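The structure appears below as structure tokens.
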Number of protein chains: 4
Amino acid sequence: MEKLFLLNDYGTGAHPRIMRALCDTNGDVTPGYGTDAYCAEAAALIKKLCAAPDSEVYFLSGGTQMNKTVICAALRPFEAVIAPEQGHIAVHETGAIENTGHKIVTCPTPDGKLTCAMIERVLDTHSPVHMVLPRMVFISNSTELGTVYTLDELKKLSRLCRERGLILYLDGARLGSALCCGEGYPGLADYAELCDMFYIGGTKNAFLFGEALVVSNKDALRDFSFAVKQQGALFAKGRLLGVQFKAAFEDGLYFETAGHANQMAQKLKKGLADLGVEFLTDSPSNQLFPVIKNDCLEKLGQLAVFSKQEKLGADKTCVRMVTSWQTDEGGIDRFLELAKEIL
Amino acid sequence: MEKLFLLNDYGTGAHPRIMRALCDTNGDVTPGYGTDAYCAEAAALIKKLCAAPDSEVYFLSGGTQMNKTVICAALRPFEAVIAPEQGHIAVHETGAIENTGHKIVTCPTPDGKLTCAMIERVLDTHSPVHMVLPRMVFISNSTELGTVYTLDELKKLSRLCRERGLILYLDGARLGSALCCGEGYPGLADYAELCDMFYIGGTKNAFLFGEALVVSNKDALRDFSFAVKQQGALFAKGRLLGVQFKAAFEDGLYFETAGHANQMAQKLKKGLADLGVEFLTDSPSNQLFPVIKNDCLEKLGQLAVFSKQEKLGADKTCVRMVTSWQTDEGGIDRFLELAKEIL
Amino acid sequence: MEKLFLLNDYGTGAHPRIMRALCDTNGDVTPGYGTDAYCAEAAALIKKLCAAPDSEVYFLSGGTQMNKTVICAALRPFEAVIAPEQGHIAVHETGAIENTGHKIVTCPTPDGKLTCAMIERVLDTHSPVHMVLPRMVFISNSTELGTVYTLDELKKLSRLCRERGLILYLDGARLGSALCCGEGYPGLADYAELCDMFYIGGTKNAFLFGEALVVSNKDALRDFSFAVKQQGALFAKGRLLGVQFKAAFEDGLYFETAGHANQMAQKLKKGLADLGVEFLTDSPSNQLFPVIKNDCLEKLGQLAVFSKQEKLGADKTCVRMVTSWQTDEGGIDRFLELAKEIL
Amino acid sequence: MEKLFLLNDYGTGAHPRIMRALCDTNGDVTPGYGTDAYCAEAAALIKKLCAAPDSEVYFLSGGTQMNKTVICAALRPFEAVIAPEQGHIAVHETGAIENTGHKIVTCPTPDGKLTCAMIERVLDTHSPVHMVLPRMVFISNSTELGTVYTLDELKKLSRLCRERGLILYLDGARLGSALCCGEGYPGLADYAELCDMFYIGGTKNAFLFGEALVVSNKDALRDFSFAVKQQGALFAKGRLLGVQFKAAFEDGLYFETAGHANQMAQKLKKGLADLGVEFLTDSPSNQLFPVIKNDCLEKLGQLAVFSKQEKLGADKTCVRMVTSWQTDEGGIDRFLELAKEIL
């Protein structure tokens, strides 16, 4: 029996409808560097879905690239970003943000989410001149721990940022998953209204690659295309990004693929919980962090591919299980059936 | 009649055999970030063609990204790159190299090529401590003006660099074209032997995207993968690069596409020369720089799409005409036939 | 009555013997940028005291400048510094290190000192490529909390760093104080032997300004003068640094001034302890961190000038009291006498 | 006979009145980092002399430090500085500006001065996105070739910069000399009115060290103190800068010392011209660039210390001769008398 693939959400190529769009347009002659009609159409679709006709949309090819390009374009040299300690920029981007010259001020948080109180504590403890000037708040939705900011939480953060002169930037590497959590969670138009800028991730939601930045606060990112080129992030055949985003948003594919991943994760979550498994965080998204007894790890690893997140005490380990648009419902069923014997 | 497309060599998607390889492998589950088997196979193929089994191969997605990642990883903060004044890094990368902290010392050159004398002049005029320390030589093949370093020229540059402790880095955004110029020009094994590192460009030779760095002097780029990630250049679905390079090199496609582009350019060059047209440089590659009387520009522009390079005096303009793997021989014939009436 | 000045150790000008040396040499004509005879003599004195004839000595004018110049010259872009969370570079240099492109990985520590276990934990949790590569350990002696690494502690750190390929860099903004703590603490020759590089601070020990870097591991800082100039840290009238260091080290002045500061601090410490005051850390140096009841703060503030460090619970505050070469013993006596009434 | 010292204007310490002010205030207890009363008084004096009550004044310790701190604080990452090819930032600062991430676009100019036409040419040839965005104009007065912008020239540059949205920044390492050239040259109030920011150099005009930045366009350098600290340029004993600038400006000393240097240079210039010597540039300032026959160089070098600037053809060499506040009129007389025999 093949193992159930729960290692990540970028292990294969693209959804067939995305591949078909790329093949169908492969021979078209277009201007380079994202100035083509596909990019224009995709941007228009996104602005419409965001109810943000005055926003600007930029297409880049990866998340680290996006984060560093946005942050270094928005900040002056002595300005810093506030982020949760598990934030992708703080841990898993090989110091990309610091490499552009900016300090990240991290906040301890149990579930990967920032709260207003955490941000205020940073502001209160940063006296001028000898310490960096906090100027941007970085959050991810869904977060690095699978949790998802609710609409109410996002509104509070947004209000605080505006009161305190902070730029609110949201990393949407897994925005698809956050958009498909059901009621009480923000929609595209909420992100466009409440954030200064955020991005819509494609790589982890059935694209070959591609992330779309939506900028509501255009003053904060004037002349952004220069920054994109300077950071080596301006794709020569930019059309590839436009074609993929057009395919994903012209008929709702983006929500289909992300919705499926979430459903599979929630089925897996319920199944594991029914077997008495506890979780590091309460995730409504496509990433789960079940806590497994060390005794069971090896056997469970024969049923599915997943990664270890961290050891918890002497006996248990938190693991990460990720679903995607390709996760097969039958596979989840079989996995749960067999896991019953182990856990 | 459709205009002949001579604007650039990246205006369409990929060669059908490349697209097919991408479609055929689209559903495979692979590890991320270039640690998959396709990348390993492609790297092995390239090392073999370079006769450089001990070299290292890295896949990135674009030229500016490659140049900045290599240069900032190889140099200490106060070290500088020597480049021709038309060098891509010096002109058309929005200050990407300076943005990583390094000065580019440019040399005036009529044909886009550096000579040993130019490099020695830079070394002679750079006194220590108050001036930057020249440490790397940047050249492109083919160059930004369509010219191509011969094997003999490359040997001389290589010898000088080794004598003077300079790193020789060659930008191969159009290496395909440089490899298909016939006798007297370097082959892949020559580049691997004579350069400390060079890259093989795919974007401008029938790929969707992709550039392969070959590093012979591994000491100069230790731990390079960290730099790739930090610069936002580590593709999540790195397999896409491996698949394309494997398709291009497993049966000679890379040379077919580049060879065709060169043949079309040389046919165009001969045809224009027969009509009395002169050229800014004597190019054996897929980029031509014909000098056109201003009177004829508009009419010529109705036959073909090309770009203006620079005004020459009051009456003439140098234009840039670029062929690609898709350039149609019949189109060249028709263009020359009609151009006869105009020039 | 004038308040006792315990705010910092850089509130006045220079020791009279330093000022006299500057006045006496003011009219001499010397080469610029530290290539003068005074700098050469001062460097020779320092190397002799360090028993390190093969080391190199560089003079800069301030601590932040020194830290950023050393760190960015020693590290490659993706390499990081490990530091205690209270480390000066991590808190009070306005992100200067990050601004040169490097992440600081901080370790929580109660007394401002790093231990081998803390460093090993960082190494163990930093997996390659997606996380920065830890490459340097930054410590201060005396630390930002007044504590001082013993010779034994420094030896252990040094051994670990050599085993694990880490550069050990010691910030000696208050090295004078650390050198005058008595037995069991490192001397200049120990620092030169155990650290890859460290600096001897003048600004906080009776100079107008000036810090001397001693580099034992010259490979780690090749061509360092270029970095000094590039960072804007090469003093035109470099002689001023040489003159001051020569005056401080030719007859032991450096140890006189630092020793006096320590004696005054220890007298103050004993006096406060006798009054029942507790301290945040057990400091043998010229910085004390007494914990004061909030009720007493205002009255105590009428006797002496000092700064608040942090609130401890609802009732108490940790304050910082710093002595210097100018602190008057009679002033300490009077302060303690009057404090008796308050505490 | 002692040789006449014409090597530079920073070869000795400070003017006796400056040293006296430093000695007189040496024991005062003041707050650190330039927040003391001396700095406040010096800033007030400078604003008054500049007739610019709303400007801001910052004190730093050196020219390279000033240039890099100002430029990186004023520009966004992809913005560039336009400078003459001989500009100090372009040649003799070890790539300090590039190290902060910014390209310098240099203009060839025979006399070290930029003209409006040169700036417009840069703007005209810089197309967006793939090339840097020119955003600041850097000039020095007096220039690196001893020439001095007239008031009329400065007005024209200022008008162009305002029309084209460029920041005008003037390096005044030798502003004293430029201020003492007589009629037709800008005064302090002109600089404050016409430049966005400029600095008043002390190091080369009889200080121990010190440069005062005057910022008229405060929007262009908001929160500048953070940048100063981050760049390692915030002097702990900032009082030293305030004391020196107060001493220099409270009774006109700054103009006395610079005026004397200019008079000595002009006397030397006339004397050499009377002997048939020609000059690279027509300098009204304290730097002269006489062209000397190679045959005479050695003998002339026995009369005075000066540096070689550049070879001119096979027979001649341009040398640099610099006067200072200490240059002795009798020394000039003797030099000219003896030079008569040689030239």
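Residue numbers start at 1 in each chain; chains themselves are named A, B, ... in the order of the structure tokens; ligands are numbered from 1 in the order shown.
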Counting only C-alpha atoms, which residues of chain C sit at most 8 Å from some atom of chain B, and what is each one's closest atom pair with its distance in Å to one decimal, listed by chain and rising residue number, as a Markdown table?
| residue | atom | partner | partner_atom | distance |
| --- | --- | --- | --- | --- |
| C:Cys72 | CA | B:Pro77 | CA | 7.4 |
| C:Ala73 | CA | B:Pro77 | CA | 6.7 |
| C:Arg76 | CA | B:Ala73 | CA | 7.0 |
| C:Pro77 | CA | B:Ala73 | CA | 6.7 |
| C:Phe78 | CA | B:Ala227 | CA | 6.1 |
| C:Pro128 | CA | B:Phe226 | CA | 7.5 |
| C:Val129 | CA | B:Phe226 | CA | 4.5 |
| C:His130 | CA | B:Lys229 | CA | 6.5 |
| C:Met131 | CA | B:Phe226 | CA | 7.9 |
| C:Val132 | CA | B:Phe226 | CA | 7.4 |
| C:Leu133 | CA | B:Phe226 | CA | 7.9 |
| C:Ser225 | CA | B:Val129 | CA | 6.0 |
| C:Phe226 | CA | B:Val129 | CA | 4.5 |
| C:Ala227 | CA | B:Phe78 | CA | 6.1 |
| C:Lys229 | CA | B:His130 | CA | 6.5 |
| C:Gln230 | CA | B:Phe78 | CA | 6.8 |
Would you output that residue set with all heavy atoms, as a short mmCIF file (atom, residue, chain, number, x, y, z; two decimals), in the first residue's frame?
data_model
loop_
_atom_site.label_atom_id
_atom_site.label_comp_id
_atom_site.auth_asym_id
_atom_site.auth_seq_id
_atom_site.Cartn_x
_atom_site.Cartn_y
_atom_site.Cartn_z
N CYS C 72 30.35 42.40 10.14
CA CYS C 72 30.07 42.27 8.71
C CYS C 72 31.32 41.92 7.91
O CYS C 72 31.22 41.35 6.82
CB CYS C 72 29.34 43.49 8.15
SG CYS C 72 30.37 44.88 7.77
N ALA C 73 32.49 42.21 8.45
CA ALA C 73 33.71 41.81 7.73
C ALA C 73 34.01 40.33 7.93
O ALA C 73 34.62 39.70 7.07
CB ALA C 73 34.90 42.65 8.21
N ARG C 76 29.93 35.72 6.15
CA ARG C 76 29.30 35.69 4.83
C ARG C 76 27.81 36.01 5.01
O ARG C 76 27.28 35.90 6.14
CB ARG C 76 29.50 34.30 4.21
CG ARG C 76 30.98 34.08 3.86
CD ARG C 76 31.22 32.69 3.36
NE ARG C 76 30.88 31.70 4.35
CZ ARG C 76 30.64 30.41 4.08
NH1 ARG C 76 30.69 29.99 2.84
NH2 ARG C 76 30.35 29.56 5.04
N PRO C 77 27.12 36.39 3.91
CA PRO C 77 25.77 36.98 4.08
C PRO C 77 24.79 36.14 4.89
O PRO C 77 23.96 36.70 5.60
CB PRO C 77 25.28 37.13 2.64
CG PRO C 77 26.49 37.24 1.81
CD PRO C 77 27.55 36.42 2.50
N PHE C 78 24.88 34.83 4.80
CA PHE C 78 23.87 33.98 5.43
C PHE C 78 24.34 33.47 6.79
O PHE C 78 23.68 32.61 7.37
CB PHE C 78 23.53 32.81 4.50
CG PHE C 78 24.74 32.21 3.87
CD1 PHE C 78 25.52 31.30 4.57
CD2 PHE C 78 25.15 32.59 2.60
CE1 PHE C 78 26.65 30.76 4.01
CE2 PHE C 78 26.30 32.05 2.02
CZ PHE C 78 27.05 31.13 2.72
N PRO C 128 20.12 23.08 8.21
CA PRO C 128 20.71 23.85 7.12
C PRO C 128 19.73 24.40 6.08
O PRO C 128 18.60 23.96 5.99
CB PRO C 128 21.68 22.87 6.46
CG PRO C 128 21.40 21.54 7.00
CD PRO C 128 20.49 21.66 8.18
N VAL C 129 20.19 25.36 5.35
CA VAL C 129 19.64 25.97 4.14
C VAL C 129 18.44 26.89 4.42
O VAL C 129 18.45 28.05 4.00
CB VAL C 129 19.29 24.92 3.05
CG1 VAL C 129 18.66 25.59 1.84
CG2 VAL C 129 20.58 24.20 2.62
N HIS C 130 17.41 26.41 5.13
CA HIS C 130 16.26 27.28 5.38
C HIS C 130 16.44 28.14 6.62
O HIS C 130 15.65 29.04 6.87
CB HIS C 130 14.97 26.46 5.49
CG HIS C 130 14.58 25.85 4.19
ND1 HIS C 130 13.54 26.31 3.43
CD2 HIS C 130 15.13 24.83 3.49
CE1 HIS C 130 13.44 25.59 2.33
NE2 HIS C 130 14.39 24.68 2.34
N MET C 131 17.46 27.86 7.39
CA MET C 131 17.76 28.69 8.56
C MET C 131 19.17 29.26 8.39
O MET C 131 19.98 28.72 7.64
CB MET C 131 17.67 27.85 9.84
CG MET C 131 16.27 27.27 10.05
SD MET C 131 16.13 26.32 11.60
CE MET C 131 15.86 27.63 12.79
N VAL C 132 19.44 30.35 9.10
CA VAL C 132 20.78 30.94 9.01
C VAL C 132 21.82 29.96 9.56
O VAL C 132 21.50 29.04 10.31
CB VAL C 132 20.86 32.25 9.81
CG1 VAL C 132 20.10 33.35 9.10
CG2 VAL C 132 20.36 32.07 11.23
N LEU C 133 23.06 30.20 9.18
CA LEU C 133 24.18 29.36 9.62
C LEU C 133 24.88 30.08 10.77
O LEU C 133 25.54 31.09 10.54
CB LEU C 133 25.13 29.18 8.42
CG LEU C 133 26.35 28.27 8.56
CD1 LEU C 133 25.94 26.85 8.90
CD2 LEU C 133 27.15 28.28 7.26
N SER C 225 41.20 46.72 7.05
CA SER C 225 41.21 48.18 6.90
C SER C 225 40.22 48.66 5.84
O SER C 225 39.66 49.75 5.95
CB SER C 225 42.62 48.68 6.54
OG SER C 225 43.50 48.44 7.61
N PHE C 226 40.03 47.86 4.82
CA PHE C 226 39.03 48.22 3.81
C PHE C 226 37.64 48.31 4.47
O PHE C 226 36.86 49.21 4.17
CB PHE C 226 38.97 47.16 2.70
CG PHE C 226 40.10 47.17 1.72
CD1 PHE C 226 41.30 46.54 2.02
CD2 PHE C 226 39.97 47.77 0.48
CE1 PHE C 226 42.35 46.52 1.10
CE2 PHE C 226 41.01 47.76 -0.45
CZ PHE C 226 42.20 47.13 -0.14
N ALA C 227 37.35 47.35 5.32
CA ALA C 227 36.04 47.35 5.98
C ALA C 227 35.90 48.58 6.88
O ALA C 227 34.83 49.20 6.94
CB ALA C 227 35.86 46.07 6.80
N LYS C 229 37.30 51.52 6.54
CA LYS C 229 37.02 52.70 5.71
C LYS C 229 35.60 52.64 5.16
O LYS C 229 34.87 53.65 5.18
CB LYS C 229 38.04 52.76 4.56
CG LYS C 229 37.79 53.87 3.55
CD LYS C 229 37.88 55.26 4.17
CE LYS C 229 37.46 56.35 3.18
NZ LYS C 229 37.34 57.66 3.84
N GLN C 230 35.20 51.50 4.65
CA GLN C 230 33.87 51.39 4.04
C GLN C 230 32.77 51.71 5.05
O GLN C 230 31.73 52.28 4.70
CB GLN C 230 33.66 49.99 3.48
CG GLN C 230 32.38 49.84 2.71
CD GLN C 230 32.20 48.46 2.13
OE1 GLN C 230 32.17 47.48 2.83
NE2 GLN C 230 32.08 48.39 0.82
#
Can you list every residue of range 20-50 of chain D that has an atom at most 9 Å from range 246-265 of chain D, with its nearest atom pair and the distance in Å to one decimal, using only C-alpha atoms, ordered by chain then number, as CSV?
residue,atom,partner,partner_atom,distance
D:Ala21,CA,D:Ala247,CA,6.6
D:Tyr38,CA,D:Lys246,CA,7.0
D:Cys39,CA,D:Lys246,CA,7.8
D:Glu41,CA,D:Lys246,CA,6.7
D:Ala42,CA,D:Lys246,CA,4.5
D:Ala43,CA,D:Lys246,CA,8.2
D:Leu45,CA,D:Phe249,CA,6.8
D:Ile46,CA,D:Phe249,CA,7.3
D:Leu49,CA,D:Phe249,CA,8.7
If you count only C-alpha atoms, which residues fall within 7 Å of Ala178 in chain B, apart from same-chain ones fewer than 4 positions away, as a ChimeraX atom specification?
/B:141-142,148,174,285
Excluding Gly32 in chain C and its own-chain neighbours fewer than 5 positions away, which residues fall within 9 Å of it when counting only C-alpha atoms? Please give them as an mmCIF file with N, CA, C and O atoms, in the first residue's frame.
data_model
loop_
_atom_site.group_PDB
_atom_site.id
_atom_site.type_symbol
_atom_site.label_atom_id
_atom_site.label_comp_id
_atom_site.auth_asym_id
_atom_site.auth_seq_id
_atom_site.Cartn_x
_atom_site.Cartn_y
_atom_site.Cartn_z
ATOM 1 N N PHE C 235 39.223 57.095 10.974
ATOM 2 C CA PHE C 235 39.384 58.478 11.411
ATOM 3 C C PHE C 235 40.452 59.192 10.588
ATOM 4 O O PHE C 235 41.572 58.697 10.459
ATOM 5 N N ALA C 236 40.126 60.347 10.031
ATOM 6 C CA ALA C 236 41.120 61.104 9.260
ATOM 7 C C ALA C 236 42.326 61.387 10.148
ATOM 8 O O ALA C 236 43.468 61.083 9.793
ATOM 9 N N LYS C 237 42.067 61.968 11.317
ATOM 10 C CA LYS C 237 43.172 62.249 12.239
ATOM 11 C C LYS C 237 43.317 61.058 13.196
ATOM 12 O O LYS C 237 43.126 61.171 14.407
ATOM 13 N N GLY C 238 43.663 59.929 12.614
ATOM 14 C CA GLY C 238 43.748 58.680 13.366
ATOM 15 C C GLY C 238 44.718 58.775 14.523
ATOM 16 O O GLY C 238 44.598 58.045 15.524
ATOM 17 N N ARG C 239 45.689 59.674 14.410
ATOM 18 C CA ARG C 239 46.653 59.928 15.477
ATOM 19 C C ARG C 239 45.989 60.109 16.834
ATOM 20 O O ARG C 239 46.562 59.748 17.860
ATOM 21 N N ASN D 8 48.095 67.788 2.694
ATOM 22 C CA ASN D 8 46.665 67.743 2.978
ATOM 23 C C ASN D 8 46.321 68.807 4.007
ATOM 24 O O ASN D 8 47.207 69.550 4.454
ATOM 25 N N TYR D 10 44.645 68.020 6.911
ATOM 26 C CA TYR D 10 44.264 67.370 8.175
ATOM 27 C C TYR D 10 45.465 66.694 8.835
ATOM 28 O O TYR D 10 45.296 65.748 9.607
ATOM 29 N N GLY D 11 46.634 67.207 8.593
ATOM 30 C CA GLY D 11 47.845 66.563 9.065
ATOM 31 C C GLY D 11 48.200 66.837 10.522
ATOM 32 O O GLY D 11 49.050 66.151 11.096
ATOM 33 N N THR D 12 47.564 67.818 11.133
ATOM 34 C CA THR D 12 47.891 68.105 12.535
ATOM 35 C C THR D 12 46.629 67.969 13.385
ATOM 36 O O THR D 12 45.618 67.436 12.935
#
Can you work out the spacing between CA of Leu179 in chain D and CA of Asn67 in chain D in Å, to one decimal?
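CA of Asn67 in chain D lies 20.0 Å from CA of Leu179 in chain D.
When only C-alpha atoms are used to measure the gap to Leu168 in chain D, the shortest distance among D:Lys299, D:Arg135, D:Lys68, D:Arg17 belongs to D:Arg135.
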With DSSP run on the backbone, what are the helix (DSSP H, G or I) residues within range 102-341 of chain C? I'd like them as a count of residues only.
101
Residue set, range 144-197 of chain A restricted to strand (DSSP E or B), as an MDAnalysis selection string
chainID A and resid 167:171 197
Please dump the current selection as a PDB file, in the first residue's frame; keep N, CA and C atoms.
ATOM      1  N   ILE A 167       2.368  49.552   9.505  1.00  0.00           N
ATOM      2  CA  ILE A 167       1.925  48.920   8.259  1.00  0.00           C
ATOM      3  C   ILE A 167       1.553  47.470   8.567  1.00  0.00           C
ATOM      4  N   LEU A 168       0.375  47.044   8.141  1.00  0.00           N
ATOM      5  CA  LEU A 168      -0.046  45.653   8.371  1.00  0.00           C
ATOM      6  C   LEU A 168       0.127  44.849   7.083  1.00  0.00           C
ATOM      7  N   TYR A 169       1.028  43.885   7.138  1.00  0.00           N
ATOM      8  CA  TYR A 169       1.326  43.053   5.966  1.00  0.00           C
ATOM      9  C   TYR A 169       1.008  41.590   6.295  1.00  0.00           C
ATOM     10  N   LEU A 170       0.218  40.966   5.436  1.00  0.00           N
ATOM     11  CA  LEU A 170      -0.201  39.592   5.691  1.00  0.00           C
ATOM     12  C   LEU A 170       0.361  38.639   4.636  1.00  0.00           C
ATOM     13  N   ASP A 171       1.079  37.635   5.116  1.00  0.00           N
ATOM     14  CA  ASP A 171       1.678  36.608   4.263  1.00  0.00           C
ATOM     15  C   ASP A 171       0.611  35.553   3.989  1.00  0.00           C
ATOM     16  N   MET A 197      -1.166  45.583   2.781  1.00  0.00           N
ATOM     17  CA  MET A 197      -0.880  44.718   1.628  1.00  0.00           C
ATOM     18  C   MET A 197      -0.893  43.272   2.112  1.00  0.00           C
TER      19      MET A 197
END
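Separating CA of Ala14 in chain D from CA of Val305 in chain D is a distance of 20.2 Å.
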